[in-house]
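Okay, so here's the structure we're looking at.
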Amino acid sequence: MTEVKPEGAAPERGARRELERAMRGAVGGEVRFDAYTRHIYATDASMYQITPVGVVFPRDAADVEAAVATARAHGAAVLPRGAGTSHCGQTVGEAVVLDFSRHMNRVLELDPGAGRARVQPGLVQDELNRAAAPHGLFFAPDTSTANRATLGGMIGNNSCGSRSAAFGMTIDHVHGLNAVLSDGASVHLGAEDAAETAARAASGGVDGAVHRELPRILEEARGALAEQEATFWRRAGGYRLDRLAEGPFDLARFTVGSEGTLCVVTEAEVGLVPKPAATAMVVGHFASTAEAIGATEEAMEAGASAIELVDGFILDLARRSPEHGHLVRRLEGEPRALLFAEFYAEDAGEAAAAAERLRGLWRKAGRGYAAPRAATDAEQAPFRALRKAGLGLLMAAGGPNERSLAFVEDTAVPPEHLAEYTARFAEILDRHGLRAGFYGHASAGCLHVRPFMDLSRPGQVATMRAVAEEVMELALSYGGVNSSEHGDGLARGEFNRRIFGDRVYAAMREVKRVFDPDGVLNPGKVVDVPPMTENLRTPRLPVAPPLRTHFDFAAEGGMRAAADRCGRIGACRRPHTSGGVMCPSFMATREEEHSTRGRANALVKALSEADPRAALAEERVQEVLDLCLECKACKSECPMSVDMATFKSEALSAHYEENGVPLRARVFGAIRTLNRLGSRTAPLSNIPGRIAPLRALMERVVGIDRRRPLPVFHSSDLARRYRRRAPAGGGGAPMGEVVFLADSFTGYTEPHIGIKAIRLLERAGWSVRLETGVCCGRSKISKGLLDGARKDVTRLVEALAPDAERGAYIVGCEPSCVTTLMDEHPDLLRGDERAATVARQARLVDDLLADALDEGRLTVPGDGDGRRVLFHGHCHQKAVTGTAGTMRLLRHLPGAGVEELDAGCCGMAGSFGFEAEHYDLSMAIGGQRLFPAVRAAPDARVCATGVSCRQQISHGTGRTALHPVELLYEAVFGPEEG
């Protein structure tokens, strides 16, 4: 291990401050050198950690020129970074990080006729494909992280994926680059003729040196390169002197895969290829991994364009996964391995015929026990999702302190050797007592194998190195490669001398010297790389100081261990165009610190300090957590279930202990009391919301934005309506008792929804008891008032436990309240069996009513009006219970087509959208997907389960959104009662 420099040693700190000042004067983008930003960028999706000098967010190529020149003048290095999803440590280093993902992330030009696009390096791959799709084109390298991987990162690593056997690697689709060299000069790189090369060789600077020296280096290395011609084609390691030797003299393609060590890309011209007109998939089910790999032979004979392997280890993980279990349930029986074979053709009939040919070959050879065919995109999507889930499933599967580590995850051998190679690979792992899942691109001979290891245990680092060396030698013995699509980085770069031989390696070192004589560009990658066992993240992590928390983190090993579960793979960095909910503030700002990963990284730093509670209270930590909407999407969409909402509550609590509780937090924490008072004094209580000077005063004193409409209070609250309701029994067999929770909103601002839900439950045969005297504590939890929340929760559990213990369901309309019973209560009341019982019995009213409809205990008469229904689910509902129950309910509405919007978070998030400093962001989040979807369907009826969601839809679109219960009530009882 290398010696870790003490944070902020005086000379280093002074030099860093001077560099920071110079950067601020030189570039137009943001410049951040604070300790938390540096820590956030100290890791990527690898097992390494190196604190950078600072971070710059360039806005354009001029900023990049200035940043490189300024860093060089101050003796600092620069490191280009996209999404930070590199598995091998390419994007960590003691350098000024240039984060291209925030500003330089656009498609600049798309030429469908030429099949070309000009893009910026921070552009996400899926966004390029989305722009190209209307023209029947796509960017062929198909990474499993396409929803957050950037083009710059793909160029840096020479990425590819499942389609590489048919379409090649990134290097095959790059036609030109605009780049900044190590001396700060901008150049264009591409294919050159002899005259251009000679002209540029006569110029000065690094560009001139490259054009003078690189032809000589290449010529001297030709003999050694010729000796390596038999090396497998799927190579993503080292510098591509072999490609340069083949001609033409193309510096764009030569620098692909150079990991930011030769130049900094500011713009790329990439090729687009026609999307296959038709695709058919065959999903082979096998009894073993060896049998599945053996079946690759027939798949290649049948002409499959992509062949993907998933082994039984990963399938078992998927079976246990709440998010992916449904994908495995589509399979036939319980296969121990799957092979997905895809066929591309000009029409569906041709694709189907090719798929059928493979099925016949497998039957003739006795391969597998089932081979269902998937002909449409809808049929194929779940199988692709299962394949792409492999990394996330492995990351989440380790035991305490174990991680699924990337250090032998990227080898590839000629496919004809893959079966024997895999068997010998497994023997190496068995001999060292390691377990791992096997998946990868069988058509390209590529395996992704990530052994589970705990590097904090004695001997584990040495074991890792031994395995890495044995696997490398095994791959080379079959003519394979050690890096096939993930690059070298810190994990494999040190082995390049062994892989390429002394003569070629020496040539590569000369290449680096010519391009980067002062060591400015991402030093320590590709050549002159430190040992793979240096800069490891886990051994550097200090022992976590003791910390008293309100929530129970014992199962994860404490709060810091829970935050450090983040695998840094960046699933929280998707742009809003890629769907899903996580992470809404990142989608709006594209700032790393506003992603779940960024916040988790910041928390790990705070919770490693000598006084972690004081560190949590610091303003910088609160700033990082501030834009977390507590949507809880990270709990379900993050492979590691990093629950940032709970972390934020704990951090707010620590902040208040240190600095006191602000007025606004007290106001929102007491929302139930305020709503009850507002109901009792209505309609007078509604007047302040309509008087501009009072709204201005409220904004100034409490911080509630004057532009946000306030809830309307009703003097006839839910309790009064419940007492006055007419019997609504259905006359069928009684179904038992449910306890209906009058939450803070259904009770006082939307009582009409609550009474309709109660009458529907009664019509379905339930006996309903209304509970008005307790609060779930949601508002206090959200604002970090955890001592008060625990008191609320204790009272609720004491009141409802007897009902729950005799089997009564605890039911409510508001997802944020009901899911709080399910999720937070057991952790706040640690080990309290009564809280666990209440949690088990808690149900959303939608789910209970959907069951009644499915079973015929509740029926909907008539044909309905046939209007389409748009449904937007509450974030907490999506994260904890899912929206399937609400969709089942809505599908019972007669004649109505129902569409569930993939519109992410509405942006309101309880009190968040009311807060003056958050209002604009709240509306920006809603404006990304939700508002456009609602506006695009003016004739549809809109419904949403969350009160915040309905408020946001009304404010953002002028449309009234109903609770699904209201639509069902109208269908059952008729509009005159609705």
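Each chain in the structure tokens gets a letter, A, B and so on, in the order shown; residues start at 1 in every chain, and ligands are counted from 1 in the order they appear.
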
- Query: Contacts of segment 368-383 of chain A at 9 Å or less, counting only C-alpha atoms, minus same-chain residues fewer than 2 places along, as a PyMOL selection string?
  - Reply: chain A and resi 278-288+291-292+295+326-328+330-333+335+340+348+351-352+355-356+359+362-363+366+385-388

Output for the residues just chosen: N, CA and C atoms as an mmCIF file, in the first residue's frame:
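Output (out_29.cif):
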data_model
loop_
_atom_site.group_PDB
_atom_site.id
_atom_site.type_symbol
_atom_site.label_atom_id
_atom_site.label_comp_id
_atom_site.auth_asym_id
_atom_site.auth_seq_id
_atom_site.Cartn_x
_atom_site.Cartn_y
_atom_site.Cartn_z
ATOM 1 N N ALA A 278 -35.792 -6.238 -38.152
ATOM 2 C CA ALA A 278 -36.517 -7.245 -37.362
ATOM 3 C C ALA A 278 -35.519 -7.987 -36.487
ATOM 4 N N THR A 279 -35.949 -8.326 -35.305
ATOM 5 C CA THR A 279 -35.117 -9.074 -34.358
ATOM 6 C C THR A 279 -35.927 -10.216 -33.772
ATOM 7 N N ALA A 280 -35.317 -11.366 -33.725
ATOM 8 C CA ALA A 280 -35.925 -12.514 -33.049
ATOM 9 C C ALA A 280 -34.941 -13.007 -31.999
ATOM 10 N N MET A 281 -35.470 -13.491 -30.893
ATOM 11 C CA MET A 281 -34.626 -13.969 -29.800
ATOM 12 C C MET A 281 -35.031 -15.381 -29.420
ATOM 13 N N VAL A 282 -34.039 -16.195 -29.153
ATOM 14 C CA VAL A 282 -34.268 -17.526 -28.590
ATOM 15 C C VAL A 282 -33.607 -17.552 -27.219
ATOM 16 N N VAL A 283 -34.346 -18.031 -26.227
ATOM 17 C CA VAL A 283 -33.841 -18.064 -24.851
ATOM 18 C C VAL A 283 -33.623 -19.523 -24.469
ATOM 19 N N GLY A 284 -32.380 -19.972 -24.583
ATOM 20 C CA GLY A 284 -32.060 -21.358 -24.260
ATOM 21 C C GLY A 284 -31.978 -21.578 -22.766
ATOM 22 N N HIS A 285 -32.657 -22.639 -22.285
ATOM 23 C CA HIS A 285 -32.655 -23.004 -20.863
ATOM 24 C C HIS A 285 -31.792 -24.251 -20.701
ATOM 25 N N PHE A 286 -30.792 -24.169 -19.795
ATOM 26 C CA PHE A 286 -29.828 -25.259 -19.678
ATOM 27 C C PHE A 286 -29.656 -25.690 -18.225
ATOM 28 N N ALA A 287 -29.182 -26.902 -18.065
ATOM 29 C CA ALA A 287 -29.009 -27.463 -16.727
ATOM 30 C C ALA A 287 -27.688 -27.054 -16.092
ATOM 31 N N SER A 288 -26.774 -26.475 -16.872
ATOM 32 C CA SER A 288 -25.491 -26.050 -16.315
ATOM 33 C C SER A 288 -24.891 -24.961 -17.188
ATOM 34 N N GLU A 291 -23.056 -26.509 -20.182
ATOM 35 C CA GLU A 291 -23.938 -26.894 -21.277
ATOM 36 C C GLU A 291 -24.359 -25.666 -22.082
ATOM 37 N N ALA A 292 -24.630 -24.546 -21.392
ATOM 38 C CA ALA A 292 -25.030 -23.324 -22.095
ATOM 39 C C ALA A 292 -23.900 -22.818 -22.980
ATOM 40 N N ALA A 295 -23.542 -24.727 -26.089
ATOM 41 C CA ALA A 295 -24.587 -24.445 -27.074
ATOM 42 C C ALA A 295 -24.306 -23.197 -27.893
ATOM 43 N N HIS A 326 -39.840 -10.942 -11.031
ATOM 44 C CA HIS A 326 -40.853 -11.180 -12.056
ATOM 45 C C HIS A 326 -40.216 -11.589 -13.383
ATOM 46 N N LEU A 327 -38.967 -11.167 -13.630
ATOM 47 C CA LEU A 327 -38.297 -11.537 -14.867
ATOM 48 C C LEU A 327 -37.990 -13.036 -14.892
ATOM 49 N N VAL A 328 -37.572 -13.575 -13.751
ATOM 50 C CA VAL A 328 -37.236 -14.997 -13.679
ATOM 51 C C VAL A 328 -38.487 -15.861 -13.753
ATOM 52 N N ARG A 330 -40.798 -15.654 -15.660
ATOM 53 C CA ARG A 330 -41.171 -15.889 -17.053
ATOM 54 C C ARG A 330 -40.488 -17.124 -17.629
ATOM 55 N N LEU A 331 -39.479 -17.626 -16.931
ATOM 56 C CA LEU A 331 -38.705 -18.750 -17.452
ATOM 57 C C LEU A 331 -39.465 -20.057 -17.268
ATOM 58 N N GLU A 332 -39.030 -21.070 -17.996
ATOM 59 C CA GLU A 332 -39.642 -22.394 -17.902
ATOM 60 C C GLU A 332 -38.816 -23.257 -16.955
ATOM 61 N N GLY A 333 -39.432 -23.669 -15.853
ATOM 62 C CA GLY A 333 -38.711 -24.455 -14.870
ATOM 63 C C GLY A 333 -37.677 -23.618 -14.141
ATOM 64 N N PRO A 335 -33.907 -23.155 -14.770
ATOM 65 C CA PRO A 335 -32.634 -23.378 -15.466
ATOM 66 C C PRO A 335 -31.455 -22.961 -14.601
ATOM 67 N N PHE A 340 -29.100 -16.220 -24.346
ATOM 68 C CA PHE A 340 -29.990 -15.391 -25.159
ATOM 69 C C PHE A 340 -29.348 -15.208 -26.528
ATOM 70 N N ALA A 348 -39.472 -9.805 -40.364
ATOM 71 C CA ALA A 348 -39.768 -10.678 -39.234
ATOM 72 C C ALA A 348 -39.710 -12.144 -39.621
ATOM 73 N N ALA A 351 -36.076 -13.305 -39.666
ATOM 74 C CA ALA A 351 -35.556 -13.439 -38.305
ATOM 75 C C ALA A 351 -36.132 -14.662 -37.612
ATOM 76 N N ALA A 352 -37.427 -14.881 -37.781
ATOM 77 C CA ALA A 352 -38.074 -16.032 -37.161
ATOM 78 C C ALA A 352 -37.508 -17.342 -37.704
ATOM 79 N N ALA A 355 -34.191 -17.991 -36.094
ATOM 80 C CA ALA A 355 -34.388 -18.441 -34.716
ATOM 81 C C ALA A 355 -34.849 -19.893 -34.682
ATOM 82 N N GLU A 356 -35.730 -20.250 -35.610
ATOM 83 C CA GLU A 356 -36.236 -21.623 -35.640
ATOM 84 C C GLU A 356 -35.127 -22.605 -36.035
ATOM 85 N N ARG A 359 -33.253 -23.367 -32.907
ATOM 86 C CA ARG A 359 -34.014 -24.297 -32.062
ATOM 87 C C ARG A 359 -33.867 -25.731 -32.579
ATOM 88 N N TRP A 362 -30.337 -27.025 -31.748
ATOM 89 C CA TRP A 362 -30.226 -27.397 -30.333
ATOM 90 C C TRP A 362 -30.963 -28.712 -30.058
ATOM 91 N N ARG A 363 -32.127 -28.869 -30.669
ATOM 92 C CA ARG A 363 -32.861 -30.135 -30.465
ATOM 93 C C ARG A 363 -32.048 -31.313 -30.997
ATOM 94 N N GLY A 366 -29.266 -32.121 -28.736
ATOM 95 C CA GLY A 366 -29.658 -32.418 -27.362
ATOM 96 C C GLY A 366 -29.260 -31.345 -26.372
ATOM 97 N N ALA A 385 -33.571 -7.115 -19.934
ATOM 98 C CA ALA A 385 -33.471 -6.516 -18.603
ATOM 99 C C ALA A 385 -32.821 -7.490 -17.626
ATOM 100 N N LEU A 386 -33.150 -8.766 -17.746
ATOM 101 C CA LEU A 386 -32.554 -9.769 -16.864
ATOM 102 C C LEU A 386 -31.058 -9.870 -17.108
ATOM 103 N N ARG A 387 -30.655 -9.849 -18.370
ATOM 104 C CA ARG A 387 -29.227 -9.898 -18.676
ATOM 105 C C ARG A 387 -28.507 -8.656 -18.135
ATOM 106 N N LYS A 388 -29.085 -7.473 -18.343
ATOM 107 C CA LYS A 388 -28.416 -6.240 -17.919
ATOM 108 C C LYS A 388 -28.432 -6.070 -16.407
#

- Per DSSP on the backbone, filter segment 384-457 of chain A down to the residues in strand (DSSP E or B) and report them as an MDAnalysis selection string. chainID A and resid 403:404 412 438:441 446:449 452:453

Let me see the file: selected residues, N, CA and C atoms, as a PDB file, in the first residue's frame.
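In the end it all went to selection_25.pdb:
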ATOM      1  N   ARG A 403     -17.677  -7.392  -1.196  1.00  0.00           N
ATOM      2  CA  ARG A 403     -18.042  -6.699  -2.426  1.00  0.00           C
ATOM      3  C   ARG A 403     -17.759  -7.624  -3.609  1.00  0.00           C
ATOM      4  N   SER A 404     -18.561  -7.450  -4.642  1.00  0.00           N
ATOM      5  CA  SER A 404     -18.327  -8.159  -5.899  1.00  0.00           C
ATOM      6  C   SER A 404     -17.336  -7.320  -6.696  1.00  0.00           C
ATOM      7  N   ALA A 412     -11.454 -12.037 -22.386  1.00  0.00           N
ATOM      8  CA  ALA A 412     -12.149 -12.609 -23.540  1.00  0.00           C
ATOM      9  C   ALA A 412     -11.199 -13.534 -24.276  1.00  0.00           C
ATOM     10  N   PHE A 438     -21.149 -15.910 -13.243  1.00  0.00           N
ATOM     11  CA  PHE A 438     -20.597 -15.820 -14.590  1.00  0.00           C
ATOM     12  C   PHE A 438     -21.689 -15.293 -15.521  1.00  0.00           C
ATOM     13  N   TYR A 439     -21.358 -14.222 -16.224  1.00  0.00           N
ATOM     14  CA  TYR A 439     -22.247 -13.755 -17.285  1.00  0.00           C
ATOM     15  C   TYR A 439     -21.391 -13.040 -18.313  1.00  0.00           C
ATOM     16  N   GLY A 440     -21.950 -12.763 -19.468  1.00  0.00           N
ATOM     17  CA  GLY A 440     -21.154 -12.066 -20.456  1.00  0.00           C
ATOM     18  C   GLY A 440     -21.642 -12.285 -21.863  1.00  0.00           C
ATOM     19  N   HIS A 441     -20.759 -11.975 -22.803  1.00  0.00           N
ATOM     20  CA  HIS A 441     -21.091 -11.966 -24.219  1.00  0.00           C
ATOM     21  C   HIS A 441     -20.465 -13.205 -24.860  1.00  0.00           C
ATOM     22  N   CYS A 446     -16.466 -13.235 -24.272  1.00  0.00           N
ATOM     23  CA  CYS A 446     -16.192 -12.333 -23.139  1.00  0.00           C
ATOM     24  C   CYS A 446     -16.938 -12.784 -21.898  1.00  0.00           C
ATOM     25  N   LEU A 447     -16.216 -12.869 -20.788  1.00  0.00           N
ATOM     26  CA  LEU A 447     -16.829 -13.210 -19.514  1.00  0.00           C
ATOM     27  C   LEU A 447     -16.712 -12.040 -18.549  1.00  0.00           C
ATOM     28  N   HIS A 448     -17.788 -11.780 -17.822  1.00  0.00           N
ATOM     29  CA  HIS A 448     -17.758 -10.816 -16.725  1.00  0.00           C
ATOM     30  C   HIS A 448     -17.896 -11.605 -15.425  1.00  0.00           C
ATOM     31  N   VAL A 449     -16.804 -11.736 -14.717  1.00  0.00           N
ATOM     32  CA  VAL A 449     -16.759 -12.527 -13.493  1.00  0.00           C
ATOM     33  C   VAL A 449     -16.222 -11.638 -12.379  1.00  0.00           C
ATOM     34  N   PHE A 452     -16.579 -12.422  -5.061  1.00  0.00           N
ATOM     35  CA  PHE A 452     -16.922 -11.758  -3.804  1.00  0.00           C
ATOM     36  C   PHE A 452     -15.718 -11.834  -2.878  1.00  0.00           C
ATOM     37  N   MET A 453     -15.299 -10.646  -2.380  1.00  0.00           N
ATOM     38  CA  MET A 453     -14.150 -10.592  -1.495  1.00  0.00           C
ATOM     39  C   MET A 453     -14.349  -9.497  -0.466  1.00  0.00           C
TER      40      MET A 453
END

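One distance worth recording is that between atom CA of Asp847 of chain A and atom CA of Gly885 of chain A, which is 4.5 Å.
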
- Determine the nearest neighbour of His432 of chain A from the options A:Gly445, A:Gly459, A:Pro932, A:Pro517, counting only C-alpha atoms.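 The closest residue to His432 of chain A is A:Gly459.
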
Residues of segment 768-813 of chain A that approach segment 759-763 of chain A to 12 Å or less, counting only C-alpha atoms: could you list each one with the shortest pair of atoms and its distance in Å to one decimal, rows by chain and increasing residue number, as CSV?
residue,atom,partner,partner_atom,distance
A:Val768,CA,A:Glu762,CA,6.7
A:Arg769,CA,A:Glu762,CA,10.4
A:Leu770,CA,A:Arg759,CA,11.7
A:Tyr809,CA,A:Leu761,CA,11.6
A:Val811,CA,A:Leu761,CA,10.0
A:Gly812,CA,A:Leu761,CA,11.2
A:Cys813,CA,A:Leu761,CA,11.8

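Here atom CA of His135 of chain A stands at a distance of 9.2 Å from atom CA of Gly113 of chain A.
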
Which polymer residues have any atom within 9 Å of an atom of Gly904 of chain A, counting only C-alpha atoms, with same-chain residues fewer than 6 positions away left out, as a short mmCIF file (atom, residue, chain, number, x, y, z; two decimals) with N, CA and C atoms, in the first residue's frame?
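The resulting file, out.cif, is shown below:
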data_model
loop_
_atom_site.label_atom_id
_atom_site.label_comp_id
_atom_site.auth_asym_id
_atom_site.auth_seq_id
_atom_site.Cartn_x
_atom_site.Cartn_y
_atom_site.Cartn_z
N HIS A 576 -33.41 12.20 -17.26
CA HIS A 576 -34.85 12.00 -17.10
C HIS A 576 -35.47 11.30 -18.30
N GLY A 579 -36.29 7.29 -18.08
CA GLY A 579 -37.35 6.69 -17.28
C GLY A 579 -36.94 6.43 -15.84
N GLY A 580 -37.87 5.86 -15.07
CA GLY A 580 -37.63 5.62 -13.67
C GLY A 580 -37.78 6.87 -12.83
N VAL A 581 -37.57 6.72 -11.52
CA VAL A 581 -37.76 7.83 -10.58
C VAL A 581 -36.43 8.33 -10.03
N MET A 582 -35.53 7.46 -9.71
CA MET A 582 -34.25 7.82 -9.09
C MET A 582 -33.34 8.50 -10.11
N CYS A 583 -32.72 9.58 -9.80
CA CYS A 583 -32.83 10.45 -8.65
C CYS A 583 -33.33 11.79 -9.20
N PRO A 584 -34.50 12.30 -8.80
CA PRO A 584 -35.11 13.44 -9.48
C PRO A 584 -34.27 14.71 -9.48
N HIS A 872 -50.68 8.40 -12.41
CA HIS A 872 -49.35 8.73 -11.91
C HIS A 872 -49.23 8.21 -10.48
N GLY A 873 -48.29 7.31 -10.25
CA GLY A 873 -48.11 6.72 -8.93
C GLY A 873 -47.22 7.55 -8.03
N CYS A 875 -44.30 8.31 -5.39
CA CYS A 875 -42.96 7.74 -5.31
C CYS A 875 -42.84 6.70 -4.20
N ILE A 925 -38.60 19.68 -12.17
CA ILE A 925 -38.73 18.22 -12.15
C ILE A 925 -40.08 17.80 -12.73
N GLY A 926 -41.14 18.48 -12.29
CA GLY A 926 -42.45 18.17 -12.85
C GLY A 926 -42.52 18.43 -14.33
N GLN A 928 -40.24 18.01 -16.55
CA GLN A 928 -39.45 17.14 -17.41
C GLN A 928 -40.31 16.07 -18.09
N ARG A 929 -41.15 15.38 -17.33
CA ARG A 929 -41.95 14.31 -17.93
C ARG A 929 -43.42 14.37 -17.57
N LEU A 930 -43.72 14.70 -16.31
CA LEU A 930 -45.11 14.63 -15.86
C LEU A 930 -46.00 15.65 -16.55
#

- Message: Quick one: residues within 12 Å of segment 671-675 of chain A, only C-alpha atoms, excluding same-chain residues fewer than 2 positions away - as a ChimeraX atom specification?
- Response: /A:664-669,677-682,685-686,710-715,717,742-751,772-780,782-783,792,817,910-911

- Pick out the residues sitting within 12 Å of Arg498 of chain A, and hand them over as a ChimeraX atom specification; count only C-alpha atoms, and ignore anything fewer than 6 positions along from it in its own chain. /A:238,469,472-473,476,481-482,492,504-506,527

Please build the interface table for segment 38-129 of chain A against segment 151-163 of chain A with a cut-off of 10 Å, listing for each qualifying residue the nearest atom pair and the distance in Å to one decimal; count only C-alpha atoms, order rows by chain and increasing number, and write it as a tab-separated table.
residue	atom	partner	partner_atom	distance
A:Pro80	CA	A:Gly152	CA	8.5
A:Arg81	CA	A:Gly153	CA	6.9
A:Gly82	CA	A:Gly153	CA	5.6
A:Ala83	CA	A:Gly153	CA	7.4
A:Gly84	CA	A:Gly153	CA	8.1
A:Thr85	CA	A:Gly153	CA	8.4
A:Ser86	CA	A:Gly153	CA	8.0
A:Gln90	CA	A:Asn157	CA	8.5
A:Thr91	CA	A:Gly153	CA	9.1
A:Phe100	CA	A:Gly152	CA	8.3
A:Ser101	CA	A:Gly152	CA	9.2
A:Asn105	CA	A:Leu151	CA	9.0
A:Val119	CA	A:Leu151	CA	7.9
A:Gln120	CA	A:Gly152	CA	7.5
A:Pro121	CA	A:Gly152	CA	4.0
A:Gly122	CA	A:Gly152	CA	6.1
A:Leu123	CA	A:Leu151	CA	5.8
A:Val124	CA	A:Leu151	CA	6.3
A:Gln125	CA	A:Leu151	CA	6.0
A:Asp126	CA	A:Leu151	CA	9.8
A:Leu128	CA	A:Leu151	CA	8.8

Go ahead and dump the residues you just picked, N, CA and C atoms, as a PDB file, in the first residue's frame.
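Saved result, out35.pdb, follows:
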ATOM      1  N   PRO A  80     -10.182  13.560 -17.381  1.00  0.00           N
ATOM      2  CA  PRO A  80     -11.537  13.690 -17.939  1.00  0.00           C
ATOM      3  C   PRO A  80     -12.451  12.597 -17.405  1.00  0.00           C
ATOM      4  N   ARG A  81     -13.702  12.962 -17.128  1.00  0.00           N
ATOM      5  CA  ARG A  81     -14.638  12.009 -16.518  1.00  0.00           C
ATOM      6  C   ARG A  81     -16.039  12.249 -17.064  1.00  0.00           C
ATOM      7  N   GLY A  82     -16.755  11.157 -17.296  1.00  0.00           N
ATOM      8  CA  GLY A  82     -18.141  11.243 -17.726  1.00  0.00           C
ATOM      9  C   GLY A  82     -19.065  10.864 -16.588  1.00  0.00           C
ATOM     10  N   ALA A  83     -19.586   9.629 -16.640  1.00  0.00           N
ATOM     11  CA  ALA A  83     -20.507   9.173 -15.597  1.00  0.00           C
ATOM     12  C   ALA A  83     -19.787   8.537 -14.420  1.00  0.00           C
ATOM     13  N   GLY A  84     -18.487   8.319 -14.518  1.00  0.00           N
ATOM     14  CA  GLY A  84     -17.772   7.663 -13.424  1.00  0.00           C
ATOM     15  C   GLY A  84     -18.211   6.229 -13.221  1.00  0.00           C
ATOM     16  N   THR A  85     -18.536   5.528 -14.326  1.00  0.00           N
ATOM     17  CA  THR A  85     -18.976   4.133 -14.214  1.00  0.00           C
ATOM     18  C   THR A  85     -17.852   3.161 -14.555  1.00  0.00           C
ATOM     19  N   SER A  86     -16.631   3.644 -14.659  1.00  0.00           N
ATOM     20  CA  SER A  86     -15.502   2.777 -14.994  1.00  0.00           C
ATOM     21  C   SER A  86     -15.281   1.748 -13.892  1.00  0.00           C
ATOM     22  N   GLN A  90     -10.261   4.009 -13.940  1.00  0.00           N
ATOM     23  CA  GLN A  90      -9.770   4.988 -14.918  1.00  0.00           C
ATOM     24  C   GLN A  90     -10.077   6.422 -14.515  1.00  0.00           C
ATOM     25  N   THR A  91     -11.168   6.633 -13.800  1.00  0.00           N
ATOM     26  CA  THR A  91     -11.616   8.014 -13.545  1.00  0.00           C
ATOM     27  C   THR A  91     -11.388   8.452 -12.112  1.00  0.00           C
ATOM     28  N   PHE A 100     -17.515  16.218 -17.574  1.00  0.00           N
ATOM     29  CA  PHE A 100     -18.180  16.650 -18.803  1.00  0.00           C
ATOM     30  C   PHE A 100     -19.681  16.399 -18.790  1.00  0.00           C
ATOM     31  N   SER A 101     -20.168  15.661 -17.821  1.00  0.00           N
ATOM     32  CA  SER A 101     -21.552  15.200 -17.879  1.00  0.00           C
ATOM     33  C   SER A 101     -22.565  16.286 -17.576  1.00  0.00           C
ATOM     34  N   ASN A 105     -23.030  17.914 -22.881  1.00  0.00           N
ATOM     35  CA  ASN A 105     -23.774  16.651 -22.949  1.00  0.00           C
ATOM     36  C   ASN A 105     -24.822  16.628 -24.064  1.00  0.00           C
ATOM     37  N   VAL A 119     -21.184  14.847 -31.412  1.00  0.00           N
ATOM     38  CA  VAL A 119     -21.663  14.811 -30.034  1.00  0.00           C
ATOM     39  C   VAL A 119     -20.611  15.373 -29.099  1.00  0.00           C
ATOM     40  N   GLN A 120     -21.082  15.823 -27.942  1.00  0.00           N
ATOM     41  CA  GLN A 120     -20.172  16.226 -26.883  1.00  0.00           C
ATOM     42  C   GLN A 120     -19.863  15.030 -25.995  1.00  0.00           C
ATOM     43  N   PRO A 121     -18.735  15.041 -25.297  1.00  0.00           N
ATOM     44  CA  PRO A 121     -18.299  13.837 -24.573  1.00  0.00           C
ATOM     45  C   PRO A 121     -19.189  13.448 -23.403  1.00  0.00           C
ATOM     46  N   GLY A 122     -19.947  14.412 -22.831  1.00  0.00           N
ATOM     47  CA  GLY A 122     -20.805  14.093 -21.695  1.00  0.00           C
ATOM     48  C   GLY A 122     -22.171  13.573 -22.088  1.00  0.00           C
ATOM     49  N   LEU A 123     -22.419  13.373 -23.386  1.00  0.00           N
ATOM     50  CA  LEU A 123     -23.718  12.869 -23.847  1.00  0.00           C
ATOM     51  C   LEU A 123     -23.901  11.417 -23.422  1.00  0.00           C
ATOM     52  N   VAL A 124     -25.063  11.107 -22.854  1.00  0.00           N
ATOM     53  CA  VAL A 124     -25.375   9.737 -22.455  1.00  0.00           C
ATOM     54  C   VAL A 124     -25.757   8.921 -23.694  1.00  0.00           C
ATOM     55  N   GLN A 125     -25.294   7.697 -23.741  1.00  0.00           N
ATOM     56  CA  GLN A 125     -25.500   6.853 -24.924  1.00  0.00           C
ATOM     57  C   GLN A 125     -26.973   6.720 -25.298  1.00  0.00           C
ATOM     58  N   ASP A 126     -27.835   6.489 -24.333  1.00  0.00           N
ATOM     59  CA  ASP A 126     -29.253   6.336 -24.628  1.00  0.00           C
ATOM     60  C   ASP A 126     -29.847   7.600 -25.252  1.00  0.00           C
ATOM     61  N   LEU A 128     -28.262   9.693 -27.263  1.00  0.00           N
ATOM     62  CA  LEU A 128     -27.886   9.667 -28.680  1.00  0.00           C
ATOM     63  C   LEU A 128     -28.804   8.712 -29.437  1.00  0.00           C
TER      64      LEU A 128
END

- Can you tell me, as an MDAnalysis selection string, what residues are no more than 12 Å from Ala944 of chain A when counting only C-alpha atoms, ignoring any on the same chain fewer than 2 positions away? chainID A and resid 813:815 846 869:875 877 883 886:887 890 899:901 903 905:906 930 934 941:942 946:954 959:967
